[in-house]
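Trainee: Pasting a structure below so you can have a look.
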There are 4 protein chains.
Amino acid sequence: MPGDRVGIVGVSGYLGGELARLLTDHPGLNLVGAVSRSQAGKTLQECLPFVSDGANVPILPSTETLDCDLAFLSLPPGEAMTQVPRLRERGIRAIDLSADYRLKDPAAYERTYGRPHTDPEGLSKAVYGLTEMERGEIGAAGVVASPGCYPTAFLLGCRPIVDAGVVPREFVIDAKSGSSGAGASPTAETHHPAVAGDVHPYGGGNHRHLPEIAQELGVKEGDQVPEIVFVPHLVPLVRGILTTSYLVGLSEDQEGRAIEAVRSTYAAEPFVRLGPVPRIPWAIGSNRCFLGTESHGGTLVVFSAIDNLLKGGAGQAVQNANLMLGRPETEGLPLGGLGL
Amino acid sequence: MPGDRVGIVGVSGYLGGELARLLTDHPGLNLVGAVSRSQAGKTLQECLPFVSDGANVPILPSTETLDCDLAFLSLPPGEAMTQVPRLRERGIRAIDLSADYRLKDPAAYERTYGRPHTDPEGLSKAVYGLTEMERGEIGAAGVVASPGCYPTAFLLGCRPIVDAGVVPREFVIDAKSGSSGAGASPTAETHHPAVAGDVHPYGGGNHRHLPEIAQELGVKEGDQVPEIVFVPHLVPLVRGILTTSYLVGLSEDQEGRAIEAVRSTYAAEPFVRLGPVPRIPWAIGSNRCFLGTESHGGTLVVFSAIDNLLKGGAGQAVQNANLMLGRPETEGLPLGGLGL
Amino acid sequence: MPGDRVGIVGVSGYLGGELARLLTDHPGLNLVGAVSRSQAGKTLQECLPFVSDGANVPILPSTETLDCDLAFLSLPPGEAMTQVPRLRERGIRAIDLSADYRLKDPAAYERTYGRPHTDPEGLSKAVYGLTEMERGEIGAAGVVASPGCYPTAFLLGCRPIVDAGVVPREFVIDAKSGSSGAGASPTAETHHPAVAGDVHPYGGGNHRHLPEIAQELGVKEGDQVPEIVFVPHLVPLVRGILTTSYLVGLSEDQEGRAIEAVRSTYAAEPFVRLGPVPRIPWAIGSNRCFLGTESHGGTLVVFSAIDNLLKGGAGQAVQNANLMLGRPETEGLPLGGLGL
Amino acid sequence: MPGDRVGIVGVSGYLGGELARLLTDHPGLNLVGAVSRSQAGKTLQECLPFVSDGANVPILPSTETLDCDLAFLSLPPGEAMTQVPRLRERGIRAIDLSADYRLKDPAAYERTYGRPHTDPEGLSKAVYGLTEMERGEIGAAGVVASPGCYPTAFLLGCRPIVDAGVVPREFVIDAKSGSSGAGASPTAETHHPAVAGDVHPYGGGNHRHLPEIAQELGVKEGDQVPEIVFVPHLVPLVRGILTTSYLVGLSEDQEGRAIEAVRSTYAAEPFVRLGPVPRIPWAIGSNRCFLGTESHGGTLVVFSAIDNLLKGGAGQAVQNANLMLGRPETEGLPLGGLGL
């Protein structure tokens with residue numbers, strides 16, 4: 001089979017499974033193996049019955065046994081930064097789907113995640129993989145930090161506005177996520193009876209995605225504006241995120257410029273659509289982000305809907321891989337969504 | 001059977017059904033009949049198989065044939081204001097669960113609902129039935145306007161704050177409601193396939209509950225603060241509302257006073273609890289409102305969870321009826337929630 | 001407070017919480033304490049925010065510290081049979097909500113649950129608490145084994161038929177249960193993303209409820225008819241069970257006698273209703289079972305819907321407690337269901 | 001653009017939308033237009049924001065204005081049989097997704113659907129499009145009747161068994177379908193509050209899919225065996241069907257032959273997989289059917305899971321179109337499922 005050889009490190013979680021789904025169908029990349037300690041020895045097909053095909057893809061016991069040009073890492077927090085240096089030594093580029101390489105400042109990493117960063121060298125060169133915003137840097141990167149699902153949804157909607165010089169007094173980000181965003185490990189918080197009848201705010205005012213959001217908006221500690229308030233809610237869906245972002249304190253003129261900035265930024269982008277108030281199912285199964293805006297007299301509301309496992313995770317990672325490996329950016333990525 | 005005689009006008013909708021459920025079990029009120037043109041001739045039991053008992057409660061064809069001391073009206077928009085005057089002539093007091101008697105200013109009613117108010121006399125004397133806030137007025141009222149589910153959830157959390165003199169620069173109200181709030185009539189927007197996989201913002205920036213909220217907060221047109229932004233979302237639940245209210249621009253001292261105002265207001269209230277971040281299922285099947293607060297550095301977030309059909313509808317209506325008829329306020333009302 | 005003193009052993013699970021909800025509102029029973037090792041020291045209110053009141057009910061560290069007339073046991077498999085003998089010594093009667101006392105034959109217990117029964121004496125005197133079927137025995141019982149949720153739903157519908165001498169060639173029981181039936185401990189099978197999009201058959205052809213069902217139908221090993229096939233499915237609901245039971249191979253005359261048997265058995269029962277094809281939400285929040293039948297030319301289909309935590313668990317347990325303590329059978333039990 | 005020109009007649013329903021989704025991404029077919037009276041004048045993109053692309057596909061006002069080689073018809077009951085003859089005159093082949101051409105006997109059609117068949121000539125030549133079973137006939141057909149979602153799920157699992165000469169005494173088919181199977185028109189039965197908390201049996205013992213099932217199993221009126229009992233249930237999912245089929249009265253030897261028949265039939269089929277008890281999400285977004293079996297001592301249970309809009313609808317229709325137009329059978333059809 002032709003194409004660059006890619007591998008997945010950590011295939012038993014939801015993002016790993018989604019990567020497997022995309023990569024087994026990718027016409028230009030060749031999935032040569034996937035690493036999972038618990039599933040080693042099986043084929044991908046046996047492990048994930050829903051992938052189109054995977055009878056020839058072995059599940060390997062360790063990263064050392066994976067030989068490829070580019071590895072996708074979908075590992076528990078803190079594990080990627082121990083694996084990436086070893087991959088680097090072997091000349092293997094990496095796309096990390098965890099938070100390990102997202103914050104550029106090692107001190108911010110330690111403050112946010114409660115442990116020192118053990119690969120500051122890698123961190124300093126890693127590129128933040130919000131593709132539409134960092135396209136120029138991604139192609140040549142050795143390590144791409146694929147963004148979190150919440151930051152992706154919010155930033156796609158709001159960064160063009162700030163980049164255009166329209167800075168609201170405050171961003172109030174009220175985010176709603178399906179349960180797959182919390183991962184495949186059962187917990188009391190993600191037990192079906194706890195989730196199915198509730199819309200549950202969580203994070204306690206201190207969500208670990210906030211520093212990532214601030215960094216990518218270009219907000220520095222001590223800046224007076226914008227203030228950013230972020231409250232994530234777990235909603236009774238499996239896939240999908242909607243962020244409702246309130247840009248408080250804009251003049252009518254600023255609102256117009258904000259909407260125009262979003263429109264022009266994405267006019268030619270295949271994976272971002274600006275239109276009416278979005279519906280999450282439009283984005284399910286697709287790598288697209290759907291944006292909409294609504295004016296509330298001085299507050300501009302920006303809605304953003306994505307499939308958290310695709311544009312908010314594995315899909316964007318493959319989009320970055322396409323750039324890194326010189327493939328067409330949309331190759332192997334679903335544009336159409338399920339609709340319902 | 002002892003007790004004041006009450007009736008339900010409009011029993012085929014969800015609020016009518018919920019009233020029937022509560023009133024057939026009420027130890028101090030005597031449900032003598034229910035009006036429904038489409039169901040007339042049946043018994044309540046035949047019409048609503050889930051009520052505890054209703055074999056002796058007739059479904060009547062018209063309000064004229066209902067003889068009682070107090071009538072609950074659960075009718076399509078605009079119908080209550082034609083029925084209430086006729087009930088008044090017959091000496092029957094009314095609790096209206098529609099929006100017809102909520103806005104005190106007939107001009108605001110016309111602006112909001114697109115038709116003139118045909119009972120301005122009744123309107124001028126009607127009492128807004130947010131029980132914990134208007135308790136003094138309700139007992140003697142001839143007409144009580146039971147509040148909408150969104151305003152109930154928001155106001156229980158935030159009016160004590162404004163009443164205590166703490167006024168934020170802006171209220172951003174991000175509200176999430178189950179589908180029963182949209183009523184029993186099937187529409188494209190409430191079709192199961194449209195709701196089950198989505199979290200859908202609606203209202204287009206102009207929700208008809210906004211004037212009701214502003215009125216009850218004491219905000220007058222032209223006031224500079226607070227601005228109020230209200231975005232309701234339809235979530236894939238049947239029962240339940242969560243409002244996430246962001247009070248933007250408070251000092252630390254104001255935050256403290258705000259929380260203290262909420263705490264002291266409800267310290268002795270049976271139907272409102274201030275505690276940790278609430279879960280909707282705690283409120284399901286209960287007439288209670290659960291409140292929680294979270295500080296986000298200059299923005300205070302107030303969470304409020306209710307069962308939209310109980311504290312946000314039929315339960316609060318019965319609470320008001322208890323006051324109007326001199327019964328204990330909690331009589332016949334469930335305190336405990338299902339929990340899950 | 002008047003009334004018999006009751007306690008709950010094991011209050012942190014879903015059935016324990018449901019018992020707490022019912023018993024704090026029970027007008028004739030006095031909940032004096034609840035045992036939970038992990039929650040000891042709190043009040044019931046702190047532990048379960050949704051109960052109507054529980055500020056005065058202590059959570060105790062062990063059964064030894066619980067002093068009462070009757071204890072409800074809601075414990076992991078195998079624990080009740082170690083606790084019941086000690087309660088018996090202290091003169092405390094017991095209602096066990098686990099499977100420990102349901103199978104009358106210790107050998108069948110061992111075969112089904114994979115461990116020997118350690119209280120055969122207690123087992124021999126225990127009464128199976130399907131209230132409508134065993135009412136005569138329950139009042140004087142020292143130990144009542146509250147039935148499982150699946151057997152309750154199936155047996156209420158079908159035992160009157162077999163008792164009337166109508167025995168089909170085969171019972172095919174296709175059961176659908178919400179996730180709360182699997183308990184409060186998070187597992188891969190009850191993780192929200194695993195449950196929310198699926199209808200999942202489980203049990204592998206060997207469900208441990210089958211011997212309980214056969215015993216209560218009066219089917220002995222080696223009997224030629226009826227064969228019983230039971231396939232439970234986990235459905236994306238939290239509360240509620242529907243059993244669809246196919247009685248294969250009945251003559252038209254037998255079908256008539258079967259339906260008549262169900263009708264006459266429940267004509268005067270407060271907690272069982274025979275009517276049209278039932279809806280699960282009619283039963284949610286209620287201790288009622290709703291039955292319906294449908295004729296398919298030689299196969300009679302019996303539908304049965306209950307709230308698995310009420311009539312299928314805690315509600316039926318309280319119904320039994322009422323009988324054991326000489327209270328009215330319906331006291332403290334909800335008749336009306338939520339409806340939606 | 002190369003490829004045969006295809007069109008969709010009736011694009012505003014769920015199957016029409018699913019066809020649009022598939023055909024806009026199909027590498028070998030050219031979607032030239034879609035007919036919808038209510039949406040005429042828009043582009044497909046405006047009408048269905050979730051399709052990958054459709055800016056160049058016009059929505060046409062009537063079938064007369066659609067020029068193509070093959071038309072997919074997704075119309076309300078009874079409309080296809082008026083359109084197909086006119087298409088035939090124009091030399092346009094048709095795949096009908098309604099029930100109009102499924103029953104080979106016009107009398108059975110009239111009995112089942114309550115109106116005479118107006119195109120008996122077309123009916124006599126139409127081929128039933130259960131692809132894996134009728135592959136030989138489909139390629140040359142002028143009209144293919146795409147099967148219903150329930151019959152597809154059941155027949156894929158059980159027809160190989162009957163074809164192998166293993167005939168059970170009785171088929172008990174307990175089917176569970178998501179709400180998209182009921183179509184896009186809002187009704188009381190598919191209102192979100194009615195569906196979301198229930199598992200609802202419907203059809204009243206007389207489901208219109210039964211004659212289709214019997215015909216395709218080769219069961220004739222008056223046959224003693226097998227009896228077929230079919231009870232569909234609406235479950236709180238949007239997409240997906242699971243059929244649990246009980247084959248009553250098989251010997252051990254027959255069970256073995258039955259399983260072997262299923263295994264060998266599908267050994268080389270791309271769209272059918274026999275494996276462990278299936279999960280519906282494996283099939284969502286995929287044109288695959290997942291089968292599993294379970295032995296219950298004399299009764300063999302066959303589980304079958306499909307996406308009702310794909311293998312149970314639009315996907316199978318495209319599979320048939322590929323055969324009719326000489327394309328590779330799997331072209332343009334998703335093999336991989338979402339998994340969750």
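Chain labels A, B, ... are given in the sequence in which chains occur in the structure tokens; within each chain residues are numbered consecutively from 1, and ligands are likewise numbered from 1 in the order shown.
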Might you pull out every residue within 12 Å of B:Ala71, with only C-alpha atoms counted and same-chain residues fewer than 6 positions away left off, and present them as a PyMOL selection string?
Mentor: chain B and resi 4-11+16+19+23+29-35+63-64+80+83-84+86-88+90-97+142-144+317-318+320-321+324-325
Trainee: Can you pull out the residues contacting B:Phe290? Cut-off 12 Å, using only C-alpha atoms, and skip same-chain residues under 6 positions away; I want them as a VMD selection string.
Mentor: (chain B and resid 152 to 154 156 to 157 240 to 243 262 to 263 266 269 to 284 302 to 307 311 335 to 337) or (chain C and resid 49 to 50)
Trainee: Taking only C-alpha atoms into account, report as a PyMOL selection string which residues of chain D lie within 10 Å of chain B.
Mentor: chain D and resi 14+178-197+236-239
Trainee: Please produce a file of those selected residues containing N, CA, C and O atoms, as an mmCIF file, in the first residue's frame.
Mentor:
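Result saved to again-v7.cif:
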```
data_model
loop_
_atom_site.group_PDB
_atom_site.id
_atom_site.type_symbol
_atom_site.label_atom_id
_atom_site.label_comp_id
_atom_site.auth_asym_id
_atom_site.auth_seq_id
_atom_site.Cartn_x
_atom_site.Cartn_y
_atom_site.Cartn_z
ATOM 1 N N TYR D 14 -36.393 12.316 5.639
ATOM 2 C CA TYR D 14 -35.112 11.846 6.166
ATOM 3 C C TYR D 14 -34.373 10.942 5.186
ATOM 4 O O TYR D 14 -33.160 11.006 5.061
ATOM 5 N N GLY D 178 -35.212 3.471 16.281
ATOM 6 C CA GLY D 178 -35.118 4.886 16.588
ATOM 7 C C GLY D 178 -36.182 5.679 15.854
ATOM 8 O O GLY D 178 -36.837 5.179 14.930
ATOM 9 N N SER D 179 -36.352 6.923 16.253
ATOM 10 C CA SER D 179 -37.488 7.708 15.789
ATOM 11 C C SER D 179 -37.357 8.195 14.354
ATOM 12 O O SER D 179 -38.366 8.544 13.735
ATOM 13 N N SER D 180 -36.158 8.211 13.791
ATOM 14 C CA SER D 180 -36.046 8.684 12.408
ATOM 15 C C SER D 180 -36.787 7.756 11.453
ATOM 16 O O SER D 180 -37.180 8.180 10.366
ATOM 17 N N GLY D 181 -36.994 6.501 11.877
ATOM 18 C CA GLY D 181 -37.753 5.559 11.065
ATOM 19 C C GLY D 181 -39.183 5.989 10.819
ATOM 20 O O GLY D 181 -39.829 5.542 9.871
ATOM 21 N N ALA D 182 -39.693 6.873 11.678
ATOM 22 C CA ALA D 182 -41.080 7.321 11.522
ATOM 23 C C ALA D 182 -41.201 8.522 10.602
ATOM 24 O O ALA D 182 -42.304 9.004 10.354
ATOM 25 N N GLY D 183 -40.079 9.010 10.109
ATOM 26 C CA GLY D 183 -40.149 10.095 9.142
ATOM 27 C C GLY D 183 -40.052 11.479 9.745
ATOM 28 O O GLY D 183 -40.015 11.643 10.963
ATOM 29 N N ALA D 184 -40.030 12.464 8.852
ATOM 30 C CA ALA D 184 -39.745 13.837 9.261
ATOM 31 C C ALA D 184 -40.972 14.641 9.667
ATOM 32 O O ALA D 184 -40.839 15.753 10.170
ATOM 33 N N SER D 185 -42.168 14.074 9.464
ATOM 34 C CA SER D 185 -43.365 14.845 9.804
ATOM 35 C C SER D 185 -43.687 14.717 11.284
ATOM 36 O O SER D 185 -43.839 13.607 11.790
ATOM 37 N N PRO D 186 -43.804 15.830 11.985
ATOM 38 C CA PRO D 186 -44.101 15.779 13.413
ATOM 39 C C PRO D 186 -45.484 15.172 13.685
ATOM 40 O O PRO D 186 -46.450 15.506 12.999
ATOM 41 N N THR D 187 -45.542 14.278 14.647
ATOM 42 C CA THR D 187 -46.815 13.703 15.075
ATOM 43 C C THR D 187 -46.793 13.586 16.591
ATOM 44 O O THR D 187 -45.735 13.696 17.214
ATOM 45 N N ALA D 188 -47.958 13.330 17.163
ATOM 46 C CA ALA D 188 -48.021 13.141 18.616
ATOM 47 C C ALA D 188 -47.148 11.965 19.046
ATOM 48 O O ALA D 188 -46.520 11.990 20.105
ATOM 49 N N GLU D 189 -47.071 10.946 18.213
ATOM 50 C CA GLU D 189 -46.298 9.748 18.569
ATOM 51 C C GLU D 189 -44.792 9.977 18.516
ATOM 52 O O GLU D 189 -44.033 9.229 19.127
ATOM 53 N N THR D 190 -44.362 10.971 17.739
ATOM 54 C CA THR D 190 -42.921 11.216 17.588
ATOM 55 C C THR D 190 -42.494 12.551 18.189
ATOM 56 O O THR D 190 -41.393 13.028 17.948
ATOM 57 N N HIS D 191 -43.370 13.147 18.983
ATOM 58 C CA HIS D 191 -43.062 14.366 19.731
ATOM 59 C C HIS D 191 -41.977 14.007 20.756
ATOM 60 O O HIS D 191 -42.056 12.959 21.396
ATOM 61 N N HIS D 192 -40.992 14.854 20.895
ATOM 62 C CA HIS D 192 -39.878 14.495 21.775
ATOM 63 C C HIS D 192 -40.315 14.071 23.177
ATOM 64 O O HIS D 192 -39.866 13.024 23.681
ATOM 65 N N PRO D 193 -41.213 14.826 23.833
ATOM 66 C CA PRO D 193 -41.597 14.396 25.187
ATOM 67 C C PRO D 193 -42.275 13.027 25.215
ATOM 68 O O PRO D 193 -42.237 12.342 26.238
ATOM 69 N N ALA D 194 -42.867 12.608 24.110
ATOM 70 C CA ALA D 194 -43.537 11.300 24.079
ATOM 71 C C ALA D 194 -42.553 10.159 23.859
ATOM 72 O O ALA D 194 -42.792 9.032 24.281
ATOM 73 N N VAL D 195 -41.449 10.437 23.190
ATOM 74 C CA VAL D 195 -40.510 9.383 22.814
ATOM 75 C C VAL D 195 -39.369 9.231 23.825
ATOM 76 O O VAL D 195 -38.928 8.124 24.120
ATOM 77 N N ALA D 196 -38.919 10.370 24.359
ATOM 78 C CA ALA D 196 -37.628 10.371 25.055
ATOM 79 C C ALA D 196 -37.606 9.522 26.322
ATOM 80 O O ALA D 196 -36.552 9.047 26.726
ATOM 81 N N GLY D 197 -38.750 9.318 26.964
ATOM 82 C CA GLY D 197 -38.740 8.567 28.222
ATOM 83 C C GLY D 197 -39.408 7.215 28.123
ATOM 84 O O GLY D 197 -39.724 6.601 29.131
ATOM 85 N N PRO D 236 -35.921 5.375 22.449
ATOM 86 C CA PRO D 236 -35.417 6.756 22.450
ATOM 87 C C PRO D 236 -34.032 6.910 21.817
ATOM 88 O O PRO D 236 -33.075 7.317 22.476
ATOM 89 N N LEU D 237 -33.951 6.547 20.562
ATOM 90 C CA LEU D 237 -32.789 6.798 19.722
ATOM 91 C C LEU D 237 -33.296 7.537 18.492
ATOM 92 O O LEU D 237 -34.484 7.471 18.185
ATOM 93 N N VAL D 238 -32.400 8.183 17.765
ATOM 94 C CA VAL D 238 -32.794 8.767 16.491
ATOM 95 C C VAL D 238 -32.536 7.775 15.361
ATOM 96 O O VAL D 238 -33.442 7.403 14.625
ATOM 97 N N ARG D 239 -31.287 7.347 15.248
ATOM 98 C CA ARG D 239 -30.904 6.380 14.217
ATOM 99 C C ARG D 239 -30.723 5.004 14.839
ATOM 100 O O ARG D 239 -30.249 4.887 15.968
#
```
Trainee: If we count only C-alpha atoms, what is near B:Pro232 at a cut-off of 7 Å, once residues fewer than 3 positions away on the same chain are taken out, given as a short mmCIF file (atom, residue, chain, number, x, y, z; two decimals) with N, CA, C and O atoms, in the first residue's frame?
Mentor:
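Result saved to selection-v1.cif:
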```cif
data_model
loop_
_atom_site.label_atom_id
_atom_site.label_comp_id
_atom_site.auth_asym_id
_atom_site.auth_seq_id
_atom_site.Cartn_x
_atom_site.Cartn_y
_atom_site.Cartn_z
N ASP B 174 -27.89 32.18 30.27
CA ASP B 174 -27.83 31.08 29.32
C ASP B 174 -28.71 29.98 29.91
O ASP B 174 -28.35 29.33 30.90
N ALA B 175 -29.88 29.77 29.29
CA ALA B 175 -30.87 28.87 29.87
C ALA B 175 -31.00 27.60 29.05
O ALA B 175 -30.87 27.63 27.83
N LYS B 176 -31.21 26.48 29.74
CA LYS B 176 -31.33 25.18 29.10
C LYS B 176 -32.64 24.54 29.55
O LYS B 176 -32.82 24.30 30.73
N PRO B 201 -30.03 26.57 20.50
CA PRO B 201 -30.40 27.93 20.90
C PRO B 201 -31.59 28.37 20.06
O PRO B 201 -31.66 28.06 18.87
N TYR B 202 -32.52 29.05 20.68
CA TYR B 202 -33.66 29.52 19.89
C TYR B 202 -34.11 30.89 20.41
O TYR B 202 -33.62 31.38 21.41
N GLY B 203 -35.07 31.45 19.72
CA GLY B 203 -35.61 32.72 20.19
C GLY B 203 -35.09 33.90 19.38
O GLY B 203 -35.72 34.95 19.35
#
```
Trainee: Quick one: pick out all strand (DSSP E or B) residues within stretch 105-210 of chain D from a backbone DSSP run and write them as a list in words.
Mentor: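 These are the residues in question: Val127, Tyr128, Val143, Val144, Ala145, Glu170, Phe171, Val172, Ile173, Asp174, Ala175, Lys176, Ser177, His191, His200 and Pro201 of chain D.
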Trainee: So that I can check the secondary structure, give me every residue of stretch 112-335 of chain A assigned alpha helix (DSSP H) by backbone DSSP, as a PyMOL selection string.
Mentor: chain A and resi 112-113+120-125+131-138+149-163+192-195+210-217+252-266+280-283+315-324
Trainee: Find the residues around D:Gln45 up to 6 Å (only C-alpha atoms counted), leave out those fewer than 2 positions away in its own chain, and share them as a ChimeraX atom specification.
Mentor: /D:43,47-49,54-55
Trainee: Please provide the set of residues having any atom within 10 Å of C:Gln316, restricted to only C-alpha atoms, with same-chain residues fewer than 5 positions apart removed, written as an MDAnalysis selection string.
Mentor: chainID C and resid 97 129:132 146:147 149 152 271 287:288 308:311 321:322 333
Trainee: Mind giving me the straight-line distance from atom CA of D:Pro120 to atom CA of D:Met133 in Å, one decimal?
Mentor: 23.3 Å
